[in-house]
$ cat target11.txt   # compact mmCIF, C-alpha atoms
# COMPACT_ATOMS: atom_id res chain seq x y z
CA MET A 1124 -30.17 -5.45 13.60
CA ALA A 1125 -28.69 -2.07 14.46
CA HIS A 1126 -25.22 -2.98 13.38
CA ASP A 1127 -26.60 -3.42 9.82
CA LEU A 1128 -28.24 0.03 9.84
CA GLN A 1129 -25.22 2.10 8.99
CA GLN A 1130 -25.44 5.16 6.75
CA ILE A 1131 -24.65 4.44 3.07
CA ASP A 1132 -23.83 6.90 0.29
CA PHE A 1133 -26.09 6.63 -2.79
CA VAL A 1134 -25.73 8.22 -6.22
CA TRP A 1135 -29.07 9.17 -7.81
CA LYS A 1136 -30.54 10.62 -11.02
CA GLY A 1137 -34.02 12.06 -11.43
CA ARG A 1138 -36.21 15.01 -12.38
CA ASN A 1139 -37.13 17.98 -10.23
CA LYS A 1140 -40.54 19.64 -9.90
CA ALA A 1141 -39.94 21.57 -13.13
CA GLY A 1142 -39.23 18.34 -15.00
CA ASN A 1143 -35.55 19.08 -15.51
CA LYS A 1144 -32.96 16.35 -15.18
CA THR A 1145 -30.91 16.47 -11.99
CA GLY A 1146 -28.73 14.21 -9.86
CA GLY A 1147 -26.48 14.03 -6.86
CA GLN A 1148 -25.59 12.08 -3.75
CA ILE A 1149 -27.59 11.25 -0.65
CA ARG A 1150 -26.78 9.37 2.55
CA ALA A 1151 -29.34 6.99 4.03
CA LYS A 1152 -29.62 3.62 5.74
CA ASN A 1153 -30.92 1.93 2.58
CA ALA A 1154 -32.13 2.70 -0.95
CA ILE A 1155 -35.82 2.76 0.02
CA ILE A 1156 -35.27 5.46 2.65
CA ALA A 1157 -33.10 7.39 0.18
CA ARG A 1158 -35.91 7.34 -2.42
CA THR A 1159 -38.46 8.41 0.18
CA ASN A 1160 -36.32 11.34 1.31
CA LEU A 1161 -35.77 12.48 -2.26
CA ARG A 1162 -39.50 12.19 -3.03
CA LYS A 1163 -40.24 14.46 -0.06
CA THR A 1164 -38.10 17.16 -1.68
CA GLY A 1165 -40.03 16.91 -4.94
CA ILE A 1166 -37.56 14.70 -6.81
CA ARG A 1167 -38.85 11.94 -9.06
CA VAL A 1168 -36.07 9.33 -8.86
CA LEU A 1169 -35.12 7.63 -12.12
CA SER A 1170 -32.18 5.60 -10.80
CA ILE A 1171 -30.38 5.18 -7.51
CA LYS A 1172 -27.43 2.99 -6.59
CA LYS A 1173 -24.69 2.71 -4.01
CA LYS A 1174 -21.79 5.06 -4.55
CA PRO A 1175 -18.90 2.99 -5.94
CA LYS A 1176 -15.74 2.88 -3.88
CA PRO A 1177 -12.68 4.56 -5.43
CA LEU A 1178 -10.13 2.24 -7.00
CA PHE A 1179 -7.30 3.52 -4.84
CA THR A 1180 -8.24 4.24 -1.26
CA ALA A 1181 -6.20 5.01 1.79
CA LYS A 1182 -5.38 2.00 3.90
CA THR A 1183 -7.96 1.41 6.63
CA GLN A 1184 -6.58 2.31 10.02
CA THR A 1185 -6.67 -0.71 12.29
CA ILE A 1186 -8.04 -0.72 15.81
CA THR A 1187 -5.24 -1.36 18.31
CA PRO A 1188 -5.36 -2.60 21.92
CA GLN A 1189 -4.26 0.92 22.90
CA ASP A 1190 -7.42 2.31 21.23
CA ILE A 1191 -9.56 -0.07 23.33
CA CYS A 1192 -7.61 0.91 26.46
CA VAL A 1193 -8.19 4.64 25.88
CA PHE A 1194 -11.87 4.00 25.06
CA ALA A 1195 -12.39 2.12 28.36
CA ARG A 1196 -10.89 5.02 30.33
CA GLN A 1197 -12.91 7.66 28.43
CA LEU A 1198 -16.17 5.74 28.88
CA ALA A 1199 -15.50 5.23 32.59
CA ASN A 1200 -14.81 8.96 33.07
CA LEU A 1201 -17.93 10.05 31.15
CA LEU A 1202 -20.24 7.65 33.02
CA ASN A 1203 -18.74 8.70 36.36
CA ALA A 1204 -19.47 12.30 35.35
CA GLY A 1205 -23.15 11.40 34.86
CA VAL A 1206 -23.22 11.40 31.04
CA PRO A 1207 -25.77 8.87 29.67
CA LEU A 1208 -24.36 5.74 27.99
CA VAL A 1209 -25.61 6.49 24.46
CA GLN A 1210 -24.39 10.08 24.60
CA SER A 1211 -21.02 8.88 25.90
CA PHE A 1212 -20.58 6.64 22.85
CA ASP A 1213 -21.56 9.54 20.62
CA ILE A 1214 -18.99 11.85 22.22
CA ILE A 1215 -16.15 9.31 22.16
CA GLY A 1216 -16.96 7.97 18.68
CA LYS A 1217 -17.25 11.30 16.88
CA GLY A 1218 -14.18 12.68 18.62
CA HIS A 1219 -11.89 9.75 17.84
CA GLU A 1220 -8.96 10.19 15.44
CA ASN A 1221 -9.20 6.61 14.14
CA PRO A 1222 -12.03 6.33 11.54
CA SER A 1223 -12.31 2.56 12.13
CA MET A 1224 -12.76 3.14 15.86
CA THR A 1225 -15.38 5.81 15.19
CA LYS A 1226 -17.32 3.46 12.92
CA MET A 1227 -17.24 0.65 15.48
CA LEU A 1228 -18.30 2.84 18.42
CA LEU A 1229 -21.20 4.38 16.52
CA SER A 1230 -22.28 0.87 15.49
CA ILE A 1231 -22.27 -0.18 19.18
CA LYS A 1232 -24.23 2.97 20.01
CA ALA A 1233 -26.85 2.00 17.40
CA ASP A 1234 -27.15 -1.47 18.98
CA ILE A 1235 -27.71 0.05 22.42
CA GLU A 1236 -30.35 2.42 21.01
CA ASP A 1237 -32.12 -0.67 19.62
CA GLY A 1238 -32.39 -2.07 23.14
CA ASP A 1239 -29.28 -4.25 23.51
CA THR A 1240 -27.28 -4.14 26.73
CA LEU A 1241 -23.72 -2.85 26.56
CA SER A 1242 -22.27 -6.33 27.17
CA VAL A 1243 -24.30 -7.85 24.32
CA ALA A 1244 -23.31 -5.03 21.97
CA LEU A 1245 -19.64 -5.48 22.87
CA GLN A 1246 -19.82 -9.25 22.34
CA ARG A 1247 -20.70 -8.61 18.69
CA LYS A 1248 -17.29 -6.92 18.38
CA HIS A 1249 -15.45 -9.92 19.84
CA LEU A 1250 -12.38 -9.22 17.70
CA TYR A 1251 -11.71 -6.15 19.84
CA PHE A 1252 -13.47 -6.89 23.14
CA ASP A 1253 -12.35 -10.18 24.67
CA ALA A 1254 -14.40 -12.45 26.94
CA LEU A 1255 -12.82 -10.87 30.03
CA PHE A 1256 -13.89 -7.36 29.01
CA CYS A 1257 -17.44 -8.47 28.19
CA SER A 1258 -17.76 -10.56 31.40
CA LEU A 1259 -16.76 -7.61 33.58
CA VAL A 1260 -19.17 -5.27 31.80
CA GLU A 1261 -21.97 -7.82 32.19
CA ALA A 1262 -21.18 -8.18 35.91
CA GLY A 1263 -21.28 -4.39 36.28
CA GLU A 1264 -24.64 -4.16 34.51
CA GLN A 1265 -26.18 -6.89 36.66
CA ALA A 1266 -24.88 -5.38 39.90
CA GLY A 1267 -25.76 -1.81 38.89
CA VAL A 1268 -22.15 -0.63 39.22
CA LEU A 1269 -21.17 -0.31 35.56
CA GLU A 1270 -19.23 2.92 36.19
CA ASP A 1271 -17.05 1.29 38.86
CA LEU A 1272 -16.42 -1.83 36.77
CA LEU A 1273 -15.47 0.22 33.71
CA ASP A 1274 -13.02 2.12 35.87
CA LYS A 1275 -11.48 -1.20 36.99
CA ILE A 1276 -11.41 -2.44 33.37
CA ALA A 1277 -9.66 0.77 32.28
CA THR A 1278 -7.06 0.44 35.06
CA TYR A 1279 -6.53 -3.23 34.21
CA LYS A 1280 -6.12 -2.54 30.49
CA GLU A 1281 -3.68 0.30 31.18
CA LYS A 1282 -1.53 -1.94 33.40
CA VAL A 1283 -1.50 -4.83 30.90
CA GLU A 1284 -0.71 -2.57 27.93
CA SER A 1285 2.07 -0.93 29.96
CA ILE A 1286 3.74 -4.32 30.51
CA LYS A 1287 3.40 -5.22 26.82
CA LYS A 1288 4.96 -1.91 25.76
CA LYS A 1289 7.93 -2.37 28.07
CA ILE A 1290 8.67 -5.86 26.75
CA LYS A 1291 8.31 -4.68 23.13
CA LYS A 1292 10.59 -1.75 23.90
CA ALA A 1293 13.26 -4.08 25.26
CA LEU A 1294 13.13 -6.27 22.13
CA THR A 1295 12.72 -3.57 19.47
CA TYR A 1296 16.21 -2.08 19.80
CA PRO A 1297 18.27 -5.29 19.40
CA ILE A 1298 16.00 -6.63 16.64
CA ALA A 1299 16.20 -3.35 14.71
CA VAL A 1300 20.00 -3.21 15.00
CA LEU A 1301 20.38 -6.85 13.93
CA VAL A 1302 18.10 -6.32 10.91
CA ILE A 1303 20.14 -3.27 9.87
CA ALA A 1304 23.34 -5.27 10.38
CA GLY A 1305 21.95 -8.00 8.13
CA ILE A 1306 21.02 -5.49 5.42
CA VAL A 1307 24.44 -3.78 5.58
CA THR A 1308 26.19 -7.17 5.41
CA ALA A 1309 24.11 -8.19 2.38
CA VAL A 1310 24.90 -4.90 0.59
CA LEU A 1311 28.61 -5.33 1.28
CA LEU A 1312 28.62 -8.95 0.05
CA ILE A 1313 26.58 -8.33 -3.10
CA PHE A 1314 27.86 -4.91 -4.24
CA VAL A 1315 31.11 -3.94 -2.47
CA VAL A 1316 33.09 -7.19 -2.19
CA PRO A 1317 32.91 -7.90 -5.98
CA VAL A 1318 34.66 -4.53 -6.64
CA PHE A 1319 37.53 -5.55 -4.36
CA GLU A 1320 37.60 -9.00 -5.95
CA ASP A 1321 38.20 -7.51 -9.41
CA LEU A 1322 40.92 -5.30 -7.96
CA PHE A 1323 42.70 -8.23 -6.30
CA GLN A 1324 42.53 -10.34 -9.48
CA SER A 1325 44.31 -7.61 -11.42
CA PHE A 1326 47.30 -7.94 -9.08
CA GLY A 1327 47.42 -11.73 -9.35
CA ALA A 1328 48.56 -12.13 -5.73
CA ASP A 1329 47.67 -15.04 -3.48
CA LEU A 1330 44.88 -13.86 -1.17
CA PRO A 1331 44.63 -14.60 2.59
CA SER A 1332 42.30 -17.48 3.53
CA PHE A 1333 39.87 -15.17 5.29
CA THR A 1334 39.57 -12.96 2.21
CA LYS A 1335 39.02 -16.01 -0.01
CA PHE A 1336 36.25 -17.18 2.32
CA VAL A 1337 34.51 -13.79 2.17
CA ILE A 1338 34.81 -13.67 -1.64
CA THR A 1339 33.30 -17.18 -1.88
CA LEU A 1340 30.51 -16.06 0.43
CA SER A 1341 29.96 -12.99 -1.77
CA GLU A 1342 29.75 -15.12 -4.93
CA TRP A 1343 27.21 -17.37 -3.25
CA ALA A 1344 25.16 -14.36 -2.07
CA GLN A 1345 25.16 -12.85 -5.59
CA GLN A 1346 23.92 -16.10 -7.10
CA TRP A 1347 21.49 -17.25 -4.43
CA TRP A 1348 20.25 -14.04 -2.73
CA TRP A 1349 16.72 -14.74 -3.94
CA ALA A 1350 16.81 -18.21 -2.35
CA MET A 1351 18.04 -16.69 0.92
CA VAL A 1352 15.21 -14.14 0.96
CA GLY A 1353 12.71 -16.86 0.05
CA CYS A 1354 13.95 -19.10 2.87
CA ILE A 1355 13.65 -16.31 5.42
CA PHE A 1356 10.12 -15.49 4.27
CA ALA A 1357 9.11 -19.19 4.17
CA THR A 1358 10.55 -19.76 7.65
CA PHE A 1359 8.53 -16.92 9.17
CA LYS A 1360 5.39 -17.93 7.27
CA THR A 1361 5.74 -21.59 8.30
CA TYR A 1362 6.42 -20.66 11.91
CA HIS A 1363 3.33 -18.45 12.03
CA MET A 1364 1.12 -21.11 10.44
CA VAL A 1365 2.36 -23.99 12.63
CA HIS A 1366 2.24 -21.84 15.78
CA LYS A 1367 -1.38 -20.98 15.00
CA ARG A 1368 -2.52 -24.54 14.27
CA SER A 1369 -0.41 -26.79 16.50
CA GLN A 1370 -0.92 -26.71 20.25
CA THR A 1371 2.08 -29.02 20.73
CA PHE A 1372 4.33 -26.57 18.87
CA ARG A 1373 2.97 -23.61 20.88
CA HIS A 1374 3.63 -25.55 24.07
CA PHE A 1375 7.23 -26.22 22.95
CA VAL A 1376 7.84 -22.56 21.98
CA ASP A 1377 6.30 -21.08 25.15
CA ASN A 1378 8.11 -23.59 27.36
CA THR A 1379 11.41 -22.75 25.64
CA LEU A 1380 10.82 -19.02 26.07
CA LEU A 1381 10.20 -19.45 29.79
CA LYS A 1382 13.57 -21.21 30.16
CA LEU A 1383 15.65 -18.55 28.39
CA PRO A 1384 18.26 -16.98 30.72
CA ILE A 1385 17.08 -13.33 30.94
CA LEU A 1386 14.08 -13.02 28.63
CA GLY A 1387 12.48 -16.10 30.23
CA MET A 1388 12.49 -14.41 33.63
CA ILE A 1389 10.76 -11.35 32.19
CA ILE A 1390 8.10 -13.50 30.49
CA ASN A 1391 7.53 -15.42 33.74
CA LYS A 1392 7.13 -12.27 35.83
CA SER A 1393 4.91 -10.70 33.15
CA ALA A 1394 2.61 -13.76 33.18
CA LEU A 1395 2.44 -13.67 37.00
CA ALA A 1396 1.60 -9.96 36.91
CA ARG A 1397 -1.19 -10.56 34.38
CA PHE A 1398 -2.53 -13.52 36.35
CA SER A 1399 -2.65 -11.53 39.59
CA ARG A 1400 -4.07 -8.36 38.05
CA THR A 1401 -6.74 -10.19 36.04
CA LEU A 1402 -7.92 -12.41 38.88
CA ALA A 1403 -7.95 -9.45 41.27
CA THR A 1404 -10.11 -7.47 38.85
CA MET A 1405 -12.51 -10.39 38.33
CA SER A 1406 -12.74 -10.99 42.08
CA ALA A 1407 -13.42 -7.32 42.81
CA ALA A 1408 -16.21 -7.41 40.21
CA GLY A 1409 -17.91 -10.24 42.08
CA VAL A 1410 -17.29 -12.82 39.35
CA PRO A 1411 -17.25 -16.40 40.78
CA LEU A 1412 -13.73 -17.76 41.26
CA VAL A 1413 -14.16 -20.64 38.78
CA ASP A 1414 -15.37 -18.27 36.04
CA GLY A 1415 -12.68 -15.76 36.95
CA LEU A 1416 -9.94 -18.36 36.61
CA GLU A 1417 -11.16 -19.33 33.13
CA SER A 1418 -10.94 -15.71 31.93
CA THR A 1419 -7.60 -15.27 33.70
CA ALA A 1420 -6.09 -18.30 31.91
CA GLY A 1421 -6.51 -16.68 28.52
CA ALA A 1422 -5.10 -13.36 29.69
CA CYS A 1423 -1.66 -14.67 30.72
CA GLY A 1424 -0.36 -14.86 27.15
CA ASN A 1425 1.47 -18.16 27.63
CA ILE A 1426 0.11 -21.66 26.98
CA ILE A 1427 2.07 -23.14 29.91
CA TYR A 1428 0.34 -20.78 32.33
CA TYR A 1429 -2.96 -21.28 30.49
CA ALA A 1430 -2.82 -25.05 31.05
CA ALA A 1431 -1.80 -24.62 34.70
CA ILE A 1432 -4.59 -22.13 35.46
CA MET A 1433 -7.22 -24.29 33.75
CA LYS A 1434 -6.04 -27.18 35.95
CA ILE A 1435 -6.40 -24.90 39.00
CA ARG A 1436 -9.93 -24.00 37.83
CA ASP A 1437 -10.88 -27.69 37.63
CA ASP A 1438 -9.45 -28.32 41.11
CA VAL A 1439 -11.24 -25.32 42.62
CA ALA A 1440 -14.51 -26.47 41.01
CA THR A 1441 -14.20 -29.74 42.95
CA GLY A 1442 -13.78 -27.90 46.25
CA GLN A 1443 -10.02 -27.52 46.66
CA SER A 1444 -8.62 -24.23 47.93
CA LEU A 1445 -6.99 -21.85 45.45
CA GLN A 1446 -3.76 -21.86 47.44
CA PHE A 1447 -3.43 -25.67 47.41
CA SER A 1448 -4.30 -25.92 43.71
CA MET A 1449 -1.68 -23.32 42.79
CA GLU A 1450 0.92 -25.13 44.86
CA GLN A 1451 0.28 -28.40 42.99
CA THR A 1452 1.20 -26.83 39.63
CA GLU A 1453 4.76 -26.10 40.83
CA LEU A 1454 4.66 -23.03 38.58
CA PHE A 1455 3.85 -20.23 41.02
CA PRO A 1456 6.48 -18.78 43.39
CA HIS A 1457 6.12 -19.33 47.13
CA MET A 1458 5.44 -15.62 47.71
CA VAL A 1459 2.42 -15.65 45.38
CA ILE A 1460 0.98 -18.76 47.03
CA GLN A 1461 1.43 -17.25 50.50
CA MET A 1462 -0.28 -14.00 49.49
CA VAL A 1463 -3.20 -15.96 48.03
CA ALA A 1464 -3.42 -18.03 51.24
CA ILE A 1465 -3.58 -14.84 53.36
CA GLY A 1466 -6.21 -13.42 51.02
CA GLU A 1467 -8.37 -16.56 51.25
CA GLU A 1468 -8.15 -16.60 55.06
CA SER A 1469 -8.88 -12.89 55.48
CA GLY A 1470 -11.51 -12.62 52.71
CA SER A 1471 -9.49 -9.95 50.88
CA ILE A 1472 -8.00 -11.97 48.04
CA GLU A 1473 -8.41 -9.15 45.50
CA LYS A 1474 -6.27 -6.82 47.66
CA MET A 1475 -3.56 -9.43 48.06
CA LEU A 1476 -3.54 -10.18 44.32
CA ASP A 1477 -3.35 -6.46 43.53
CA LYS A 1478 -0.23 -6.23 45.71
CA VAL A 1479 1.29 -9.24 43.95
CA ALA A 1480 0.53 -7.62 40.59
CA ASP A 1481 2.12 -4.33 41.68
CA PHE A 1482 5.23 -6.19 42.84
CA TYR A 1483 5.69 -8.15 39.61
CA GLU A 1484 4.95 -5.16 37.39
CA GLU A 1485 7.80 -3.31 39.12
CA GLU A 1486 9.97 -6.40 38.68
CA VAL A 1487 9.20 -6.42 34.95
CA ASP A 1488 10.17 -2.72 34.76
CA ASP A 1489 13.53 -3.38 36.41
CA ARG A 1490 14.26 -6.50 34.34
CA VAL A 1491 13.41 -4.74 31.08
CA ASP A 1492 15.76 -1.87 31.95
CA ASN A 1493 18.50 -4.38 32.81
CA LEU A 1494 17.87 -6.30 29.58
CA SER A 1495 18.22 -3.11 27.53
CA SER A 1496 21.53 -2.34 29.25
CA LEU A 1497 22.83 -5.87 28.70
CA MET A 1498 21.73 -6.07 25.07
CA GLU A 1499 23.52 -2.90 23.92
CA PRO A 1500 27.11 -4.24 24.16
CA PHE A 1501 25.98 -7.66 22.89
CA VAL A 1502 24.32 -6.14 19.82
CA MET A 1503 27.26 -3.84 19.14
CA ALA A 1504 29.61 -6.82 19.36
CA ILE A 1505 27.58 -8.73 16.74
CA LEU A 1506 27.47 -5.64 14.52
CA GLY A 1507 31.22 -5.21 14.85
CA ILE A 1508 31.92 -8.86 14.03
CA LEU A 1509 29.69 -8.88 10.92
CA VAL A 1510 30.56 -5.55 9.36
CA GLY A 1511 34.06 -5.20 10.81
CA GLY A 1512 34.96 -8.73 9.72
CA LEU A 1513 34.03 -7.99 6.11
CA ILE A 1514 36.02 -4.77 6.09
CA ILE A 1515 39.08 -6.48 7.59
CA ALA A 1516 38.83 -9.28 5.01
CA MET A 1517 38.92 -6.71 2.21
CA TYR A 1518 41.85 -4.76 3.63
CA LEU A 1519 44.07 -7.73 4.52
CA PRO A 1520 45.37 -8.13 0.93
CA ILE A 1521 46.23 -4.42 0.79
CA PHE A 1522 48.90 -4.98 3.42
CA LYS A 1523 50.44 -7.53 1.04
CA LEU A 1524 50.22 -5.31 -2.05
CA GLY A 1525 53.91 -4.45 -1.84
CA ALA A 1526 54.84 -8.12 -2.05
CA ALA A 1527 52.32 -8.69 -4.86
CA VAL A 1528 53.66 -5.78 -6.94
CA GLY A 1529 57.28 -6.76 -6.23
$ encode --input "target11.txt" --output "structure tokens"
Amino acid sequence: MAHDLQQIDFVWKGRNKAGNKTGGQIRAKNAIIARTNLRKTGIRVLSIKKKPKPLFTAKTQTITPQDICVFARQLANLLNAGVPLVQSFDIIGKGHENPSMTKMLLSIKADIEDGDTLSVALQRKHLYFDALFCSLVEAGEQAGVLEDLLDKIATYKEKVESIKKKIKKALTYPIAVLVIAGIVTAVLLIFVVPVFEDLFQSFGADLPSFTKFVITLSEWAQQWWWAMVGCIFATFKTYHMVHKRSQTFRHFVDNTLLKLPILGMIINKSALARFSRTLATMSAAGVPLVDGLESTAGACGNIIYYAAIMKIRDDVATGQSLQFSMEQTELFPHMVIQMVAIGEESGSIEKMLDKVADFYEEEVDDRVDNLSSLMEPFVMAILGILVGGLIIAMYLPIFKLGAAVG
């Protein structure tokens, strides 16, 4: 298989035409080819082996969804410009800044050169190209409109990644501030409060209740900080493991997230935007509705919507209309159902779904901006209570120093 025929570095030793010992490195697909190439230059090979990897190597750069998004757009542009598929992969792969992405793209190029279709080659890289991506590429190949479908895939990926970035942006600021607040609080409790405690003991005065509470908390933190860190790590690890293995737990978490006051509304609108955009893209590609719904279910990013869309798929497969099936789930807003109904009646469902997607993507933008504005005073209040409370607790006894000294 082509994906196994990657170039490998070999270290060799041998004798040249004059019989003198020599050695060096050579790159080839396997040791046999390396020997053959050396023999052609007049080298009699005595030993050849793979070049050992260095003990300390730079961390491999991972392939991100943004890398796939940019690749889809670049490939669509090159094919629309008339550049052959293999040459397009060569241009994109060799010009990419991410070595891991370059390696993957050149591997796909090798598969295509061996006679595989683009969709088959992409399916081998299923960690990076999901079923939706591969299905759309396959539909484009079969219909002879690969360039157009890749353009739609690129647009779809750009829209989806844009929504993800906005939600991450809204959550990054408060999380970062709260983490810093936690670190500052821990430093104050473990290192600063004990200094004040020694100072207060030297005066022998009776301390305020709040100060005593903070000192007790400091003593506990000094003794059990390792247990606290371990509990936090274990909690995150357990959550990740259970969330990955238990569908019931995922259902509980996703359902809870959807019901949160502000964040839940953003997640809902984001899922509706993904549903509409994905199904519109699949419909425009000529993918049958039942197949399109199955791919769309996995693209929504929420198990509640996944279950609802799979139920819709089953209903549509038995002959029910999409509009009626969506209405039965009681999950989709009336506006979405009405737009789908108009699309079904007029035969332009992809256009209607695109408009729904545009509407909800704008809604997500507005809600994220509002969330950021609302979170700033909330986060600052928490920061003030944590850090300010500790400082006040330490300075309260100072106001009573006169009485203590007297």
$ residues_near_point --input "target11.txt" --point "(9.9, -0.3, 29.0)" --cutoff "7 Å" --atoms "all atoms listed in the file" --output "list in words"
Lys1288, Lys1289, Ile1290, Lys1292, Ala1293, Asp1488, Val1491 and Asp1492 of chain A
$ write_last_selection --input "target11.txt" --atoms "C-alpha atoms" --output "mmCIF file, in the coordinates of the input"
data_model
loop_
_atom_site.group_PDB
_atom_site.id
_atom_site.type_symbol
_atom_site.label_atom_id
_atom_site.label_comp_id
_atom_site.auth_asym_id
_atom_site.auth_seq_id
_atom_site.Cartn_x
_atom_site.Cartn_y
_atom_site.Cartn_z
ATOM 1 C CA LYS A 1288 4.960 -1.910 25.760
ATOM 2 C CA LYS A 1289 7.930 -2.370 28.070
ATOM 3 C CA ILE A 1290 8.670 -5.860 26.750
ATOM 4 C CA LYS A 1292 10.590 -1.750 23.900
ATOM 5 C CA ALA A 1293 13.260 -4.080 25.260
ATOM 6 C CA ASP A 1488 10.170 -2.720 34.760
ATOM 7 C CA VAL A 1491 13.410 -4.740 31.080
ATOM 8 C CA ASP A 1492 15.760 -1.870 31.950
#
$ residues_around --input "target11.txt" --residues "stretch 1269-1284 of chain A" --least-positions-apart "4" --cutoff "6 Å" --atoms "only C-alpha atoms" --output "list in words"
Cys1192, Ala1195, Arg1196, Ala1199, Leu1202, Asn1203, Gly1263 and Glu1264 of chain A
$ closest_atom_pairs --input "target11.txt" --of "stretch 1348-1410 of chain A" --to "stretch 1307-1321 of chain A" --cutoff "12 Å" --atoms "only C-alpha atoms" --output "tab-separated table"
residue	atom	partner	partner_atom	distance
A:Trp1348	CA	A:Ile1313	CA	8.5
A:Trp1349	CA	A:Ala1309	CA	11.7
A:Met1351	CA	A:Ala1309	CA	10.5
A:Val1352	CA	A:Ala1309	CA	10.8
$ residues_around --input "target11.txt" --residues "stretch 1507-1511 of chain A" --least-positions-apart "2" --cutoff "8 Å" --atoms "all atoms listed in the file" --output "PyMOL selection string"
chain A and resi 1304+1307-1308+1503-1505+1513-1515
$ write_last_selection --input "target11.txt" --atoms "C-alpha atoms" --output "CSV table (one decimal), in the coordinates of the input"
chain,number,residue,atom,x,y,z
A,1304,ALA,CA,23.3,-5.3,10.4
A,1307,VAL,CA,24.4,-3.8,5.6
A,1308,THR,CA,26.2,-7.2,5.4
A,1503,MET,CA,27.3,-3.8,19.1
A,1504,ALA,CA,29.6,-6.8,19.4
A,1505,ILE,CA,27.6,-8.7,16.7
A,1513,LEU,CA,34.0,-8.0,6.1
A,1514,ILE,CA,36.0,-4.8,6.1
A,1515,ILE,CA,39.1,-6.5,7.6
$ closest_residue --input "target11.txt" --among "A:Leu1294, A:Ile1521, A:Ile1131, A:Leu1201" --to "A:Ile1385" --atoms "all atoms listed in the file"
A:Leu1294
$ residues_around --input "target11.txt" --residues "A:Leu1445" --least-positions-apart "4" --cutoff "8 Å" --atoms "all atoms listed in the file" --output "list in words"
Ile1435, Val1439, Met1449, Val1463, Ala1464 and Glu1467 of chain A
$ closest_residue --input "target11.txt" --among "A:Leu1255, A:Thr1185, A:Asp1477, A:Pro1297" --to "A:Glu1220" --atoms "only C-alpha atoms"
A:Thr1185
$ closest_residue --input "target11.txt" --among "A:Ile1155, A:Gly1165, A:Ala1266, A:Ser1285" --to "A:Asn1139" --atoms "only C-alpha atoms"
A:Gly1165
$ closest_residue --input "target11.txt" --among "A:Leu1395, A:Ile1191, A:Met1517, A:Ala1254" --to "A:Met1458" --atoms "all atoms listed in the file"
A:Leu1395
$ closest_residue --input "target11.txt" --among "A:Tyr1483, A:Trp1347, A:Tyr1296, A:Phe1252" --to "A:Pro1500" --atoms "only C-alpha atoms"
A:Tyr1296
$ residues_around --input "target11.txt" --residues "stretch 1410-1414 of chain A" --least-positions-apart "5" --cutoff "9 Å" --atoms "all atoms listed in the file" --output "list in words"
Ser1258, Leu1259, Ala1262, Leu1402, Thr1404, Met1405, Thr1419, Ile1435, Arg1436, Asp1437, Val1439, Ala1440 and Leu1445 of chain A
$ axis_aligned_box --input "target11.txt" --around "stretch 1326-1342 of chain A" --padding-each-side "8 Å" --output "AutoDock Vina command-line options"
--center_x 39.2 --center_y -12.7 --center_z -2.0 --size_x 34.8 --size_y 25.5 --size_z 30.6
$ atom_distance --input "target11.txt" --atom1 "atom CA of A:His1363" --atom2 "atom CA of A:Lys1382"
21.0 Å
$ atom_distance --input "target11.txt" --atom1 "atom CA of A:Tyr1429" --atom2 "atom CA of A:Val1243"
26.0 Å
